[in-house]
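**Q** Just so it is clear, I am handing over entry34.csv, which has CSV, C-alpha atoms and all ligand atoms.
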```csv
chain,number,residue,atom,x,y,z
A,15,MET,CA,213.9,11.5,-105.8
A,16,LYS,CA,215.6,14.4,-107.6
A,17,LYS,CA,214.1,13.2,-110.8
A,18,ASN,CA,210.6,13.3,-109.3
A,19,LEU,CA,211.1,16.8,-108.1
A,20,LEU,CA,212.2,17.9,-111.5
A,21,LEU,CA,209.2,16.3,-113.0
A,22,LEU,CA,206.9,18.1,-110.5
A,23,LEU,CA,208.5,21.4,-111.3
A,24,ALA,CA,208.1,20.8,-115.1
A,25,LEU,CA,204.4,20.0,-114.6
A,26,LEU,CA,203.8,23.1,-112.5
A,27,CYS,CA,205.4,25.2,-115.2
A,28,LEU,CA,203.0,23.7,-117.8
A,29,MET,CA,199.9,24.1,-115.7
A,30,PRO,CA,197.5,26.9,-116.6
A,31,PHE,CA,197.1,29.6,-113.9
A,32,SER,CA,193.6,28.4,-113.1
A,33,ALA,CA,194.7,24.8,-112.3
A,34,MET,CA,197.1,26.2,-109.7
A,35,GLY,CA,194.3,28.1,-108.1
A,36,GLN,CA,196.1,31.4,-108.7
A,37,SER,CA,194.3,34.6,-109.0
A,38,ARG,CA,193.8,36.3,-112.3
A,39,ARG,CA,193.1,39.8,-111.1
A,40,THR,CA,192.4,42.7,-113.5
A,41,VAL,CA,191.6,46.3,-112.8
A,42,ILE,CA,188.9,47.7,-115.1
A,43,THR,CA,188.9,51.5,-115.5
A,44,ASN,CA,185.8,53.2,-116.9
A,45,GLY,CA,185.3,56.4,-118.8
A,46,VAL,CA,188.5,56.2,-120.9
A,47,LEU,CA,188.9,55.3,-124.5
A,48,TRP,CA,190.1,51.7,-124.8
A,49,LYS,CA,193.1,50.9,-126.9
A,50,ASP,CA,193.7,47.5,-128.4
A,51,THR,CA,197.0,45.6,-128.1
A,52,ALA,CA,198.3,47.3,-131.3
A,53,GLY,CA,197.6,50.8,-129.7
A,54,ASN,CA,194.5,51.6,-131.8
A,55,VAL,CA,191.2,52.9,-130.3
A,56,VAL,CA,188.8,50.0,-129.8
A,57,GLN,CA,185.7,50.5,-131.9
A,58,ALA,CA,183.0,48.0,-130.8
A,59,HIS,CA,179.8,49.9,-129.7
A,60,GLY,CA,176.5,48.2,-128.8
A,61,ALA,CA,178.7,45.2,-128.1
A,62,GLY,CA,177.9,41.6,-128.1
A,63,PHE,CA,180.1,38.9,-126.5
A,64,LEU,CA,180.9,35.2,-126.7
A,65,TYR,CA,183.1,33.4,-124.2
A,66,GLN,CA,185.0,30.4,-125.7
A,67,ASN,CA,188.2,28.6,-124.7
A,68,GLY,CA,189.2,31.2,-122.1
A,69,LEU,CA,188.7,34.2,-124.4
A,70,TRP,CA,186.0,36.8,-124.6
A,71,TYR,CA,185.1,37.7,-128.2
A,72,MET,CA,183.6,41.1,-128.5
A,73,ILE,CA,181.9,42.4,-131.6
A,74,GLY,CA,180.4,45.8,-132.1
A,75,GLU,CA,179.8,48.8,-134.3
A,76,ASP,CA,182.9,50.5,-135.6
A,77,ARG,CA,181.8,54.1,-135.4
A,78,GLY,CA,185.1,55.5,-136.8
A,79,ASP,CA,183.1,56.5,-139.8
A,80,SER,CA,180.0,57.4,-137.7
A,81,TRP,CA,177.1,56.4,-139.9
A,82,ARG,CA,178.6,53.6,-141.9
A,83,PRO,CA,179.6,51.2,-139.1
A,84,ASP,CA,181.5,48.1,-140.0
A,85,VAL,CA,181.5,45.3,-137.4
A,86,ASN,CA,184.7,44.8,-135.6
A,87,MET,CA,185.8,41.8,-133.5
A,88,TYR,CA,188.3,41.7,-130.6
A,89,SER,CA,189.4,39.0,-128.2
A,90,SER,CA,190.6,39.3,-124.7
A,91,PRO,CA,191.3,37.0,-121.7
A,92,ASP,CA,190.4,39.7,-119.2
A,93,LEU,CA,188.2,42.4,-120.8
A,94,VAL,CA,191.1,44.8,-120.7
A,95,HIS,CA,193.7,43.5,-123.1
A,96,TRP,CA,191.9,43.5,-126.4
A,97,THR,CA,193.4,42.0,-129.6
A,98,PHE,CA,191.9,43.1,-132.9
A,99,VAL,CA,190.6,40.0,-134.6
A,100,GLY,CA,189.3,41.8,-137.7
A,101,LYS,CA,186.4,43.5,-139.4
A,102,ILE,CA,184.0,40.6,-139.5
A,103,ILE,CA,181.4,42.5,-141.5
A,104,LYS,CA,182.5,45.1,-144.0
A,105,ASN,CA,180.6,47.9,-145.7
A,106,GLY,CA,180.4,47.4,-149.4
A,107,GLU,CA,182.1,44.0,-149.2
A,108,THR,CA,180.1,41.6,-147.1
A,109,THR,CA,176.9,42.7,-149.0
A,110,PRO,CA,176.6,45.5,-151.6
A,111,ASP,CA,173.8,47.2,-149.7
A,112,LEU,CA,175.8,47.6,-146.5
A,113,GLY,CA,177.3,51.1,-146.3
A,114,GLN,CA,175.1,52.3,-149.1
A,115,ARG,CA,171.4,52.0,-148.2
A,116,ARG,CA,171.9,50.0,-145.1
A,117,PHE,CA,173.8,50.1,-141.8
A,118,ILE,CA,174.2,47.8,-138.8
A,119,GLU,CA,173.6,48.5,-135.1
A,120,ARG,CA,174.0,46.3,-132.0
A,121,PRO,CA,175.6,43.1,-133.6
A,122,LYS,CA,175.4,40.1,-131.3
A,123,LEU,CA,177.2,36.8,-131.5
A,124,LEU,CA,176.0,33.3,-130.8
A,125,TYR,CA,177.8,29.9,-131.2
A,126,CYS,CA,175.5,27.1,-132.3
A,127,ALA,CA,176.8,23.8,-130.9
A,128,LYS,CA,174.4,21.9,-133.1
A,129,THR,CA,175.8,23.2,-136.4
A,130,GLY,CA,179.2,24.4,-135.3
A,131,GLN,CA,178.4,27.8,-136.8
A,132,TYR,CA,178.9,31.2,-135.4
A,133,VAL,CA,175.8,33.4,-135.9
A,134,VAL,CA,175.5,37.2,-135.8
A,135,TRP,CA,172.1,38.8,-135.3
A,136,CYS,CA,171.9,42.6,-135.7
A,137,HIS,CA,169.7,45.6,-136.3
A,138,TRP,CA,169.7,46.1,-140.1
A,139,GLU,CA,168.6,49.6,-140.8
A,140,GLY,CA,168.0,52.2,-143.5
A,141,ARG,CA,167.3,55.9,-143.8
A,142,ASN,CA,165.5,57.5,-140.8
A,143,TYR,CA,165.2,54.0,-139.1
A,144,GLY,CA,162.3,53.3,-141.5
A,145,ALA,CA,163.5,49.8,-142.6
A,146,SER,CA,163.2,48.3,-139.1
A,147,GLU,CA,164.8,45.0,-140.0
A,148,ALA,CA,167.2,42.5,-138.6
A,149,ALA,CA,170.0,40.6,-140.4
A,150,VAL,CA,171.7,37.3,-139.8
A,151,PHE,CA,175.3,36.5,-140.7
A,152,VAL,CA,177.0,33.1,-140.3
A,153,SER,CA,180.5,31.8,-140.3
A,154,GLU,CA,182.3,28.4,-139.7
A,155,GLN,CA,185.1,30.2,-137.8
A,156,VAL,CA,184.7,32.7,-135.0
A,157,GLY,CA,186.9,35.3,-136.7
A,158,GLY,CA,185.0,35.0,-140.0
A,159,PRO,CA,184.6,35.4,-142.9
A,160,TYR,CA,180.8,36.0,-142.2
A,161,ARG,CA,178.3,35.9,-145.0
A,162,LEU,CA,174.8,37.2,-145.0
A,163,HIS,CA,172.2,34.5,-144.3
A,164,HIS,CA,169.2,36.8,-144.7
A,165,ALA,CA,167.8,40.2,-143.8
A,166,GLY,CA,164.3,41.4,-143.3
A,167,ARG,CA,161.6,42.0,-140.7
A,168,PRO,CA,161.5,38.9,-138.4
A,169,LEU,CA,158.1,37.3,-139.0
A,170,ASP,CA,157.2,40.5,-140.8
A,171,ILE,CA,157.4,42.5,-137.6
A,172,LYS,CA,159.2,45.8,-137.5
A,173,SER,CA,162.3,45.4,-135.4
A,174,ARG,CA,164.9,47.8,-134.1
A,175,ASP,CA,167.2,47.8,-131.0
A,176,CYS,CA,168.2,44.2,-130.3
A,177,ASN,CA,170.0,41.6,-128.4
A,178,VAL,CA,170.3,37.8,-128.2
A,179,PHE,CA,170.0,35.4,-125.3
A,180,GLN,CA,171.1,31.7,-125.2
A,181,ASP,CA,169.4,29.7,-122.4
A,182,ALA,CA,171.0,26.9,-120.4
A,183,ASP,CA,169.4,24.3,-122.6
A,184,GLY,CA,170.9,25.8,-125.8
A,185,GLN,CA,167.6,27.4,-127.0
A,186,ALA,CA,168.4,30.8,-128.4
A,187,TYR,CA,166.3,34.0,-128.7
A,188,PHE,CA,166.5,37.3,-130.5
A,189,ILE,CA,164.9,40.1,-128.6
A,190,SER,CA,164.1,43.4,-130.1
A,191,THR,CA,162.1,46.6,-129.9
A,192,ILE,CA,159.2,46.1,-132.2
A,193,GLU,CA,156.4,47.9,-134.0
A,194,GLU,CA,157.7,51.5,-134.0
A,195,ASN,CA,159.3,51.1,-130.5
A,196,GLN,CA,156.1,50.1,-128.8
A,197,HIS,CA,156.9,46.7,-127.4
A,198,LEU,CA,159.7,44.2,-126.9
A,199,GLY,CA,159.5,41.1,-129.1
A,200,LEU,CA,161.0,37.9,-127.8
A,201,PHE,CA,161.7,35.7,-130.9
A,202,ARG,CA,162.3,32.0,-130.4
A,203,LEU,CA,165.0,30.9,-132.8
A,204,SER,CA,165.3,27.7,-134.9
A,205,ASP,CA,167.8,25.0,-133.8
A,206,ASP,CA,170.5,26.5,-136.1
A,207,TYR,CA,169.8,30.0,-134.6
A,208,THR,CA,169.2,31.6,-138.1
A,209,GLU,CA,165.4,31.9,-138.2
A,210,ALA,CA,162.8,33.4,-135.9
A,211,LEU,CA,160.0,30.9,-135.3
A,212,SER,CA,157.6,32.7,-133.0
A,213,CYS,CA,157.3,36.0,-131.2
A,214,ASN,CA,156.0,36.8,-127.7
A,215,ILE,CA,155.2,40.4,-127.0
A,216,LEU,CA,156.7,41.7,-123.7
A,217,PHE,CA,156.1,45.0,-122.0
A,218,ALA,CA,153.4,46.0,-124.4
A,219,HIS,CA,153.2,49.7,-125.1
A,220,GLN,CA,156.0,50.4,-122.6
A,221,SER,CA,158.6,51.5,-125.2
A,222,ARG,CA,161.6,49.6,-123.9
A,223,GLU,CA,164.9,49.2,-125.8
A,224,ALA,CA,168.5,48.0,-125.2
A,225,PRO,CA,167.3,44.8,-123.5
A,226,ALA,CA,169.9,42.6,-121.8
A,227,ILE,CA,169.0,39.3,-120.0
A,228,ALA,CA,170.8,37.3,-117.4
A,229,ARG,CA,169.7,34.0,-116.0
A,230,VAL,CA,170.4,33.5,-112.3
A,231,GLY,CA,169.3,30.1,-111.1
A,232,ASP,CA,165.8,29.6,-112.3
A,233,THR,CA,165.1,33.4,-112.7
A,234,TYR,CA,165.6,35.6,-115.7
A,235,TYR,CA,166.5,39.2,-115.1
A,236,MET,CA,166.1,41.8,-117.8
A,237,LEU,CA,167.5,45.3,-117.9
A,238,SER,CA,166.3,47.8,-120.5
A,239,SER,CA,166.1,51.5,-121.2
A,240,ALA,CA,163.5,53.9,-122.5
A,241,CYS,CA,163.8,55.1,-126.1
A,242,THR,CA,165.6,58.5,-126.0
A,243,GLY,CA,168.1,58.0,-128.9
A,244,TRP,CA,171.7,58.7,-127.9
A,245,ASP,CA,170.7,60.3,-124.6
A,246,PRO,CA,170.9,58.1,-121.5
A,247,ASN,CA,167.8,57.5,-119.4
A,248,GLN,CA,166.6,55.5,-116.4
A,249,CYS,CA,167.5,51.8,-116.5
A,250,LYS,CA,164.7,49.5,-115.4
A,251,LEU,CA,164.6,45.9,-114.1
A,252,SER,CA,162.1,43.2,-114.6
A,253,CYS,CA,162.3,39.5,-113.7
A,254,SER,CA,160.4,36.3,-114.5
A,255,LYS,CA,160.6,32.5,-114.1
A,256,SER,CA,159.7,32.2,-117.8
A,257,LEU,CA,161.1,34.1,-120.7
A,258,THR,CA,157.8,34.3,-122.6
A,259,GLU,CA,155.5,35.5,-119.8
A,260,GLY,CA,155.1,36.6,-116.2
A,261,TRP,CA,157.6,39.5,-116.3
A,262,SER,CA,157.3,41.6,-113.1
A,263,PRO,CA,156.4,45.3,-113.4
A,264,LEU,CA,159.4,47.5,-114.3
A,265,VAL,CA,161.3,49.1,-111.4
A,266,ASN,CA,164.1,51.7,-111.5
A,267,VAL,CA,167.6,50.6,-110.9
A,268,GLY,CA,170.8,52.7,-110.6
A,269,ASP,CA,170.7,56.5,-111.0
A,270,SER,CA,168.3,58.3,-113.4
A,271,ILE,CA,170.6,58.1,-116.4
A,272,CYS,CA,172.2,54.7,-115.6
A,273,TYR,CA,175.5,56.4,-114.9
A,274,ASP,CA,175.4,57.8,-118.4
A,275,THR,CA,175.1,54.5,-120.1
A,276,GLN,CA,172.6,52.3,-122.1
A,277,ALA,CA,172.8,48.5,-121.7
A,278,ALA,CA,174.5,46.4,-124.4
A,279,SER,CA,175.1,43.1,-122.6
A,280,ILE,CA,175.3,41.3,-119.3
A,281,LEU,CA,178.4,39.0,-118.9
A,282,THR,CA,178.5,36.0,-116.6
A,283,ILE,CA,181.8,35.2,-114.9
A,284,ASN,CA,181.7,31.6,-113.5
A,285,GLY,CA,184.4,32.0,-110.8
A,286,SER,CA,185.5,29.2,-108.5
A,287,LYS,CA,184.2,31.1,-105.4
A,288,GLN,CA,181.2,33.0,-106.9
A,289,THR,CA,179.4,33.8,-110.1
A,290,THR,CA,179.7,37.5,-111.0
A,291,TYR,CA,177.6,39.4,-113.5
A,292,LEU,CA,179.0,42.4,-115.3
A,293,TYR,CA,176.9,45.1,-116.9
A,294,VAL,CA,178.3,46.4,-120.2
A,295,GLY,CA,176.8,49.6,-121.5
A,296,ASP,CA,177.5,52.4,-124.0
A,297,ARG,CA,178.3,55.9,-122.9
A,298,TRP,CA,177.2,57.3,-126.3
A,299,MET,CA,178.3,60.6,-127.8
A,300,ASP,CA,181.2,61.2,-125.4
A,301,PRO,CA,181.6,63.7,-126.9
A,302,GLY,CA,180.9,62.3,-130.4
A,303,LEU,CA,179.8,58.9,-131.7
A,304,PRO,CA,183.3,57.6,-132.5
A,305,GLU,CA,184.4,58.4,-129.0
A,306,SER,CA,181.5,56.7,-127.3
A,307,LYS,CA,182.9,54.7,-124.3
A,308,THR,CA,182.2,51.1,-123.3
A,309,ILE,CA,181.5,51.0,-119.6
A,310,ILE,CA,181.6,47.9,-117.4
A,311,PHE,CA,180.6,47.4,-113.8
A,312,PRO,CA,179.4,44.6,-111.5
A,313,VAL,CA,175.7,44.0,-111.1
A,314,THR,CA,174.2,41.8,-108.4
A,315,PHE,CA,170.9,39.9,-108.8
A,316,GLY,CA,168.8,38.1,-106.2
A,317,ASP,CA,165.3,37.9,-104.8
A,318,GLY,CA,163.9,39.6,-107.8
A,319,LYS,CA,166.1,42.7,-107.3
A,320,CYS,CA,169.3,43.9,-108.7
A,321,GLU,CA,171.9,46.5,-107.8
A,322,LEU,CA,174.2,48.2,-110.2
A,323,HIS,CA,177.7,48.8,-108.7
A,324,TYR,CA,178.9,51.6,-110.9
A,325,ALA,CA,182.5,52.5,-110.2
A,326,GLU,CA,185.3,54.4,-112.1
A,327,ARG,CA,187.6,51.6,-111.2
A,328,PHE,CA,187.1,48.1,-109.9
A,329,GLU,CA,189.1,44.9,-109.6
A,330,ILE,CA,187.9,41.5,-110.6
A,331,ASP,CA,189.5,38.1,-110.2
A,332,PHE,CA,188.5,36.0,-113.2
A,333,GLU,CA,189.6,32.9,-111.4
A,334,THR,CA,187.5,33.2,-108.3
A,335,GLY,CA,184.9,35.6,-109.6
A,336,GLU,CA,185.5,38.0,-106.6
A,337,TRP,CA,185.5,41.7,-107.2
A,338,LYS,CA,185.9,44.9,-105.3
A,339,ILE,CA,185.4,48.6,-106.0
A,340,LEU,CA,188.6,50.7,-106.0
A,341,ASP,CA,188.9,54.3,-104.9
B,1,LIG,C1,169.2,54.5,-129.5
B,1,LIG,C2,169.6,53.0,-129.7
B,1,LIG,C3,170.9,53.0,-130.5
B,1,LIG,C4,170.7,53.8,-131.7
B,1,LIG,C5,170.3,55.2,-131.4
B,1,LIG,C6,170.1,56.1,-132.6
B,1,LIG,O1,168.0,54.6,-128.9
B,1,LIG,O2,169.7,52.3,-128.5
B,1,LIG,O3,171.3,51.7,-130.8
B,1,LIG,O4,169.8,53.3,-132.6
B,1,LIG,O5,169.1,55.2,-130.7
B,1,LIG,O6,169.5,57.4,-132.2
```
Could you render the structure as structure tokens?
**A**
Amino acid sequence: MKKNLLLLLALLCLMPFSAMGQSRRTVITNGVLWKDTAGNVVQAHGAGFLYQNGLWYMIGEDRGDSWRPDVNMYSSPDLVHWTFVGKIIKNGETTPDLGQRRFIERPKLLYCAKTGQYVVWCHWEGRNYGASEAAVFVSEQVGGPYRLHHAGRPLDIKSRDCNVFQDADGQAYFISTIEENQHLGLFRLSDDYTEALSCNILFAHQSREAPAIARVGDTYYMLSSACTGWDPNQCKLSCSKSLTEGWSPLVNVGDSICYDTQAASILTINGSKQTTYLYVGDRWMDPGLPESKTIIFPVTFGDGKCELHYAERFEIDFETGEWKILD
């Protein structure tokens, strides 16, 4: 009997928190500079995310040297405690052009189950944003080293602000602001996620950028901004049952400057009690490019509508998915 009790105690100690149904509550505070676990300022702007094995991997622009951004990677179990994984793409090293004639914006990370490769898509730019290209980097390990797969205009289409979206069936897409900021282009990717195969034009002549997509049931919700450089503007929502067509007319969401942010990503937290979506955006130039803040808050979607729950502080339970705004 005593032996059984000891065995049970030992098992309980070995169990992960989630298996015990315990909460994993975290308070997220907005508007402050994030520090990593080594005490350094987190530099990962225009961030892209990948959730794997209980960790969030975040990659983004290192604006420490404003106009020559490397790409940094961090990992965290709770979006608050960030461990620096490394510079996964380095100026002057990963490719000779990078940091010389070229710079990277909005790097986004995908994992391709079919090839076992990690794939980075990003905006690959030159002087005065004239190049209007994208670049693709690949690695066998999440933390790199990443190597350039190719760079150029996807399907010869001028492409700037960008994001990626991986659908439930594994099909991945690159979505970017195309043809001198006129339209959004939704590029269907090859099975290995490295090539653009086709392009659907969305929101023609409506000049949208910073697109971020979430799938809720059988509906896709897209948030996007207007093109006003580093200045924030009105975030708008559209939804559709299909990624390639049928997007509803854009409607305003949040306040007129989206709480001084521009969208970078939408995260999905699959909790035991609810699925929660978190908006991640950049508060650019706060006051300079290197001090731009990453802002996170809950967003709810349903019935073709969405509500942005901006708060300076909120608490989220990563086990259950429940959240509440704090005073
Ligand atoms: C914004 C864009 C950023 C960056 C900036 C440069 O519109 O979202 O990623 O390109 O312009 O002015």
**Q** Could you please determine the separation between atom CA of Ser173 of chain A and atom CA of Glu209 of chain A in Å, to one decimal place?
**A**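 About the pair atom CA of Ser173 of chain A and atom CA of Glu209 of chain A: they are 14.1 Å apart.
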**Q** Counting only C-alpha atoms and all ligand atoms, which residues of chain A sit at most 6 Å from some atom of ligand LIG 1 (chain B), and what is each one's closest atom pair with its distance in Å to one decimal, listed by chain and rising residue number, as a Markdown table?
**A**
```
| residue | atom | partner | partner_atom | distance |
| --- | --- | --- | --- | --- |
| A:Glu119 | CA | B:LIG1 | O3 | 5.8 |
| A:Asp175 | CA | B:LIG1 | O3 | 5.7 |
| A:Ala224 | CA | B:LIG1 | O2 | 5.6 |
| A:Cys241 | CA | B:LIG1 | O1 | 5.1 |
| A:Thr242 | CA | B:LIG1 | O1 | 5.4 |
| A:Gly243 | CA | B:LIG1 | O1 | 3.4 |
| A:Trp244 | CA | B:LIG1 | O6 | 5.0 |
```
**Q** Could you pull the residues within 7 Å of segment 189-204 of chain A, counting all atoms listed in the file, minus those fewer than 2 positions along the same chain, as a ChimeraX atom specification?
**A** /A:171-178,186-187,206-223
**Q** Those selected residues, please, written with C-alpha atoms and delivered as a CSV table (one decimal), keeping the file's coordinate frame.
**A**
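The file below, selection-v6.csv, is the result:
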```csv
chain,number,residue,atom,x,y,z
A,171,ILE,CA,157.4,42.5,-137.6
A,172,LYS,CA,159.2,45.8,-137.5
A,173,SER,CA,162.3,45.4,-135.4
A,174,ARG,CA,164.9,47.8,-134.1
A,175,ASP,CA,167.2,47.8,-131.0
A,176,CYS,CA,168.2,44.2,-130.3
A,177,ASN,CA,170.0,41.6,-128.4
A,178,VAL,CA,170.3,37.8,-128.2
A,186,ALA,CA,168.4,30.8,-128.4
A,187,TYR,CA,166.3,34.0,-128.7
A,206,ASP,CA,170.5,26.5,-136.1
A,207,TYR,CA,169.8,30.0,-134.6
A,208,THR,CA,169.2,31.6,-138.1
A,209,GLU,CA,165.4,31.9,-138.2
A,210,ALA,CA,162.8,33.4,-135.9
A,211,LEU,CA,160.0,30.9,-135.3
A,212,SER,CA,157.6,32.7,-133.0
A,213,CYS,CA,157.3,36.0,-131.2
A,214,ASN,CA,156.0,36.8,-127.7
A,215,ILE,CA,155.2,40.4,-127.0
A,216,LEU,CA,156.7,41.7,-123.7
A,217,PHE,CA,156.1,45.0,-122.0
A,218,ALA,CA,153.4,46.0,-124.4
A,219,HIS,CA,153.2,49.7,-125.1
A,220,GLN,CA,156.0,50.4,-122.6
A,221,SER,CA,158.6,51.5,-125.2
A,222,ARG,CA,161.6,49.6,-123.9
A,223,GLU,CA,164.9,49.2,-125.8
```
**Q** Which is closest to Asp317 of chain A among A:Trp70, A:Tyr65, A:Trp337, A:Tyr234, if we use all atoms listed in the file?
**A**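 Of A:Trp70, A:Tyr65, A:Trp337, A:Tyr234, the one nearest Asp317 of chain A is A:Tyr234, counting all atoms listed in the file.
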**Q** Using all atoms listed in the file, find the one residue out of A:Tyr324, A:Phe117, A:Phe179, A:Phe63 that sits nearest to Trp81 of chain A.
**A**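 Checking each candidate against Trp81 of chain A, we get A:Phe117 as the closest.
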**Q** Identify the residues within 8 Å of coordinate (163.3, 44.0, -111.4) (same frame as the file), considering only C-alpha atoms, and give the answer as an mmCIF file with C-alpha atoms, keeping the file's coordinate frame.
**A**
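Dumped to out_15.cif:
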```cif
data_model
loop_
_atom_site.group_PDB
_atom_site.id
_atom_site.type_symbol
_atom_site.label_atom_id
_atom_site.label_comp_id
_atom_site.auth_asym_id
_atom_site.auth_seq_id
_atom_site.Cartn_x
_atom_site.Cartn_y
_atom_site.Cartn_z
ATOM 1 C CA TYR A 235 166.500 39.200 -115.100
ATOM 2 C CA MET A 236 166.100 41.800 -117.800
ATOM 3 C CA LEU A 237 167.500 45.300 -117.900
ATOM 4 C CA LYS A 250 164.700 49.500 -115.400
ATOM 5 C CA LEU A 251 164.600 45.900 -114.100
ATOM 6 C CA SER A 252 162.100 43.200 -114.600
ATOM 7 C CA CYS A 253 162.300 39.500 -113.700
ATOM 8 C CA SER A 262 157.300 41.600 -113.100
ATOM 9 C CA PRO A 263 156.400 45.300 -113.400
ATOM 10 C CA LEU A 264 159.400 47.500 -114.300
ATOM 11 C CA VAL A 265 161.300 49.100 -111.400
ATOM 12 C CA ASN A 266 164.100 51.700 -111.500
ATOM 13 C CA VAL A 267 167.600 50.600 -110.900
ATOM 14 C CA GLY A 318 163.900 39.600 -107.800
ATOM 15 C CA LYS A 319 166.100 42.700 -107.300
ATOM 16 C CA CYS A 320 169.300 43.900 -108.700
#
```
**Q** Under the rule that all atoms listed in the file are counted, which of A:Ala52, A:Met87, A:Val46, A:Ile310 is the nearest residue to Ala278 of chain A?
**A**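 Using all atoms listed in the file, the shortest distance to Ala278 of chain A belongs to A:Ile310.
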**Q** Please report the interatomic distance between atom CA of Trp261 of chain A and atom CA of Gln185 of chain A in Å with one decimal.
**A**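 It comes out at 19.0 Å.
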**Q** Measure the distance from atom CA of Arg39 of chain A to atom CA of Pro91 of chain A in Å and round it to one decimal.
**A**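 Taking atom CA of Arg39 of chain A and atom CA of Pro91 of chain A, their separation equals 11.1 Å.
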**Q** Name the residues in contact with segment 297-308 of chain A at a cut-off of 8 Å, using only C-alpha atoms, excluding same-chain residues fewer than 5 positions from it; report them as a PDB file with C-alpha atoms, keeping the file's coordinate frame.
**A**
```pdb
ATOM      1  CA  ASN A  44     185.800  53.200-116.900  1.00  0.00           C
ATOM      2  CA  GLY A  45     185.300  56.400-118.800  1.00  0.00           C
ATOM      3  CA  VAL A  46     188.500  56.200-120.900  1.00  0.00           C
ATOM      4  CA  LEU A  47     188.900  55.300-124.500  1.00  0.00           C
ATOM      5  CA  TRP A  48     190.100  51.700-124.800  1.00  0.00           C
ATOM      6  CA  GLN A  57     185.700  50.500-131.900  1.00  0.00           C
ATOM      7  CA  HIS A  59     179.800  49.900-129.700  1.00  0.00           C
ATOM      8  CA  ASP A  76     182.900  50.500-135.600  1.00  0.00           C
ATOM      9  CA  ARG A  77     181.800  54.100-135.400  1.00  0.00           C
ATOM     10  CA  GLY A  78     185.100  55.500-136.800  1.00  0.00           C
ATOM     11  CA  ASP A  79     183.100  56.500-139.800  1.00  0.00           C
ATOM     12  CA  SER A  80     180.000  57.400-137.700  1.00  0.00           C
ATOM     13  CA  TRP A 244     171.700  58.700-127.900  1.00  0.00           C
ATOM     14  CA  ASP A 245     170.700  60.300-124.600  1.00  0.00           C
ATOM     15  CA  PRO A 246     170.900  58.100-121.500  1.00  0.00           C
ATOM     16  CA  ASP A 274     175.400  57.800-118.400  1.00  0.00           C
ATOM     17  CA  THR A 275     175.100  54.500-120.100  1.00  0.00           C
ATOM     18  CA  GLN A 276     172.600  52.300-122.100  1.00  0.00           C
TER      19      GLN A 276
END
```
**Q** Would you please work out which residue, of A:Glu147, A:Gly268, A:Leu340, A:Glu139, is nearest to Leu112 of chain A when using all atoms listed in the file?
**A**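 Closest residue, counting all atoms listed in the file: A:Glu139.
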**Q** From the list A:Gly316, A:Gly113, A:Gly144, A:Gly157, which residue is nearest Tyr132 of chain A when using only C-alpha atoms?
**A** A:Gly157
**Q** My list of candidates is A:Trp138, A:Tyr291, A:Tyr88, A:Phe151. Which is closest to Thr314 of chain A when distances are computed with only C-alpha atoms?
**A**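 The answer is A:Tyr291, which sits nearest to Thr314 of chain A.
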**Q** Just give me the residues with any atom within 7 Å of (193.5, 41.6, -132.6), file coordinates, counting all atoms listed in the file, written as a ChimeraX atom specification.
**A** /A:51,88-89,96-100
**Q** Give me the residues near Ala149 of chain A as a list in words, where near means some atom within 7 Å (using only C-alpha atoms) and where sequence neighbours in that chain fewer than 6 positions away do not count.
**A**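 Those residues are Trp135, Cys136, His137, Trp138, His164, Ala165 and Gly166 of chain A.
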**Q** Using C-alpha atoms, can you write the selected residues to a file as a PDB file, in the coordinates of the input?
**A**
```pdb
ATOM      1  CA  TRP A 135     172.100  38.800-135.300  1.00  0.00           C
ATOM      2  CA  CYS A 136     171.900  42.600-135.700  1.00  0.00           C
ATOM      3  CA  HIS A 137     169.700  45.600-136.300  1.00  0.00           C
ATOM      4  CA  TRP A 138     169.700  46.100-140.100  1.00  0.00           C
ATOM      5  CA  HIS A 164     169.200  36.800-144.700  1.00  0.00           C
ATOM      6  CA  ALA A 165     167.800  40.200-143.800  1.00  0.00           C
ATOM      7  CA  GLY A 166     164.300  41.400-143.300  1.00  0.00           C
TER       8      GLY A 166
END
```
